[in-house]
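Asks: My questions will all concern the structure given below.
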Amino acid sequence: MSKGDVLEIDTRAAPVLETDRDGLIRYHGETAAFTRMDRTYIAASAAVFRNSRDIAIIYPSPPTFVQLPVLLAIGYQCRGDGPPALFVSNRSGIRDQYFSLGIGQKFSAPGIEPEPLGEFTAPMVRTGDGKSVSYITNHKPRNWDGDPNQAAIVHTNFGKKIASGCEIPLSGLVLDFTTGLLDDRSTQEGYERLARENDVPRIMIFDSPTHDYLEVLEEENENFEDGEDETLFWGWSHNELEHASDSLLSPVADVEMVRASGGEEGEIQGMSNPFHESVGPLQNVSAGISREVIEIPHGPLEEAAKEAWELTNEAAQTVREESHVSSFAHQSVANSYFIYSYLDTLLSSVDYHDSLMRLDDTESWGSGKAIARKINSLRKRRESLDDEILGLGEQIEDCCDAFERMTDILREDNPKAEEMASQIRSAVDSGQSMTVLASTRKQESIIRSFITDRTELSGDVLLGSGVKFHNLYSPHTIPESDILLFPGVPTNSHYPALLAGAGAEHRFLMYKWNQSRFKRRLSDVLRKAEWRAGGGPQHHLAKELDLNREQLTEHTRSTEPRAPGPYQYGSAFASNTVVSDVEVLRSSARDGGGGGIGKSDSVSPDDLSIQLGDLTPSEDDFWATEQEFDQGQQQETINAGRSGADAMANDRGEVEALQIEFSDGTSLYEQPRGLLWKLDHSGSSLSRVRIAAQALDPGDEVIVIKDDSRRDIFEHVVEKIHSECRGPFQDYLSMLDLWVTGLDQIMEQLSPNEAQREALNLSDGEDPSKGTMAGWIKDDLKEWKAANDPDHDPTRTSNQIANWLKKETIGPSNPVVIEVLGDIYDIESLRSHSKQIFRGLEEIRTLHQRVGMNLSKILIGARESDADDWLLEEVGLRIGDVQSATTVKTVSSVSDDLVEVNTIRLGRLMST
């Protein structure tokens, strides 16, 4: 082993550690070396695998590429000794990364031939049933003839589709929990059964200690009578990484080049790291993340917000006290929490938010609701809730009244919007980079346009300033910045972003009455990390496997072994865990001087510090209740495409729907006129068309994306890039956001007045069709052309414009059209960013075309090589990376009778 290794194991379990020590690790042909921390993951995984034990390995901060060293550890151990290990992951680019990682020509470690990892790896792809093994054409190992027993590792991105069984013998499972592929509980249970049936260990990889499945593993550990059956945990918490010496993040190799350069033995300065994107975040964590609360007072809002919070918790307590509660009642309370959180983290004006949300396409992915519609959808449930639990409906209605008061106050003055702008101005002036984090994907789009349109921060000021916008649901791709600006109290689904090392400084925009909730949540996530990835479980693993703990003791603050059992907030451990305090600063916008988009009252207290270590559970009686109903996990995205249905729902949130049954025994509900994607075989190539549920016939093939027929495959690809892929394509997607929100603003401006409504025969609340609005826009473009005599013709046909509004085509073929639309309707984002938007739309258009050209490969995987073909090489995205989410279902029957179902179930695939 290398001098000073934190965890020493038998090198026969992980000979790659010897290879690394000898300086033979190569990445893209360059000499590379793992850090001491990387090597602990290799050693822990290899030692546990050799002892046929299960392990959960936890990375300190997203992004993580710990999958690669784990594959090296397991791959070398499996090679030639028996069946392969199955690696289950749909992380984009992972296959290319591990085919670029191997060892050099010089070789000294006994028993290993000098071959890269890819030369003895056999990726698995679907060949019709999603289970059969075949090689990837461009990555075929030279020494493999197709027999899975001769491979060390096989890779599949069809996690859910093969969870119920695998037809090849296995020596172990390497399960990647970092992308959501394995988040479904039934999928997790499938791999639990697969491991039991094959009697093989599981190596489970997490990039956050807050993942729900870790709680499942802890509870299982508590029920095991024999300690040898428990799942071991290994990882580095923020607390431990900050405490450890700097050498933990240093590359390790003991070679002549080190001594010749005067470096210390075992250290290589400036050597390439295979996981360079995680280096900066880890260094920030090691140095200690600086956390500051920007306290924002708002006297008028405080009373309404406190009342809404108390009423929501009282309703939740009512539900918790019942022994039997329907999912309808539980979801109603969860919706109440979501609305409160939504208002608490709103970073734009209410009017601006609603102007973009109200007219969003309600039949496609990514839609949402104006705030009033969110509240009214919940209010409609009163009578049904009272029928189930006496008084609950009245409590929920009281919550809605309080939410409406909050909305009215925020409509007059949202100081968070002003403070966000102030923070951005300060960062731009000081030359600091900043990433503004939004609570949802749609909010990210809104605040990007809001800052561009409503402040002086437009044109090239923002584009060249290092200011980015990102959503909290995608922690893996948070841009590295000097500062991360959080919108408020995080939900459980935002916890991984709280641990992101992408910024050395975290700032939180916080209403002063929410500081207690924020303190409790921040301390919860930090203590949970220490419980699951701190020194206690590390020393327990070493003790269980009889490993030397001397070096581990030197690098860890906690040295007492502790088995990974269930975490309890407020336990003696949690109360005694040391966590850093958070500085509280007054709002920088308190004295005015902002861009006129909001204002904050002045505050008098001096800056203070939140003492996280002093918290006790008794300070918040609603903690357990809040945790039970905090279901913020991408709720806005999950419910997307159902806004129109909600408007037609009864007071139980139900609509009439058809039941569509498929040949494999699954089914879904959809409204008679609800649209699904159907495969069309009539042309020379496979295509897709939108079709109403009532027009489906037996034998029709329907496309289902992530178990949802209302999702769109192109939008899924965009979401995949947002959540996993870094690089310039993120900027192109930002320009797409500006274009889409610009169109939404145009449609809002075209809303007819009362006289026009009467002429158009529109009822109250009804909007003109997009075709009608397209005609108005066409006329406006013609009028502008006549008045300005431009060099390039900005006019377009009604049909072309309608397709933009319906999002059926990406956008215009000339930047002049974008600029002119911005000028006509006074939309600064379109006017000042027309060229950048057009360049982004061109790239997105190309991606859209590639998705269409590769539709049959994505959906069917007709050839063995399909998964290996590029979909978008610029971001490392292959066809195989998006296949896991797509399924084609054959219709067996469509019901004649209508049934009432909750709108949240529309389009959701179910087992019958």
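Just so we're on the same page: first chain in the structure tokens is A, next is B, and so on; residues restart at 1 for each chain, and ligands are numbered from 1 in the order they show up.
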Near A:Leu847, counting only C-alpha atoms, which residues have an atom at most 10 Å away, once you skip same-chain residues fewer than 4 positions from it, shown as a list in words?
Replies: Phe714, Val717, Val718, Leu841, Glu842, Glu843, Val851, Gly852, Met853, Leu871 and Leu872 of chain A
Asks: I need the strand (DSSP E) residues of stretch 154-215 of chain A per DSSP on the backbone, written as an NGL selection string.
Replies: :A and (154-156 or 172-176 or 202-206)
Asks: Write down as a VMD selection string the residues of stretch 200-331 of chain A whose backbone DSSP state falls under helix (DSSP H, G or I).
Replies: chain A and resid 212 to 223 227 to 229 238 to 243 246 to 249 256 to 260 276 to 287 299 to 320 327 to 331
Asks: Can you pull out every residue within 6 Å of A:Ala529, counting only C-alpha atoms, but drop anything in the same chain fewer than 3 positions away, and send it as an NGL selection string?
Replies: :A and (209 or 237 or 526 or 532-533)
Asks: Pick from A:Ser61, A:Ser355, A:Ser895, A:Ser384: nearest to A:Leu696, with only C-alpha atoms counted?
Replies: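 Using only C-alpha atoms, A:Leu696 sits closest to A:Ser895.
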Asks: Need to verify the contact set: A:Asn221, 12 Å, only C-alpha atoms, exclusion of same-chain residues closer than 3 positions in sequence. Can you return it as a VMD selection string?
Replies: chain A and resid 54 to 55 214 to 218 224 to 233 563 to 567
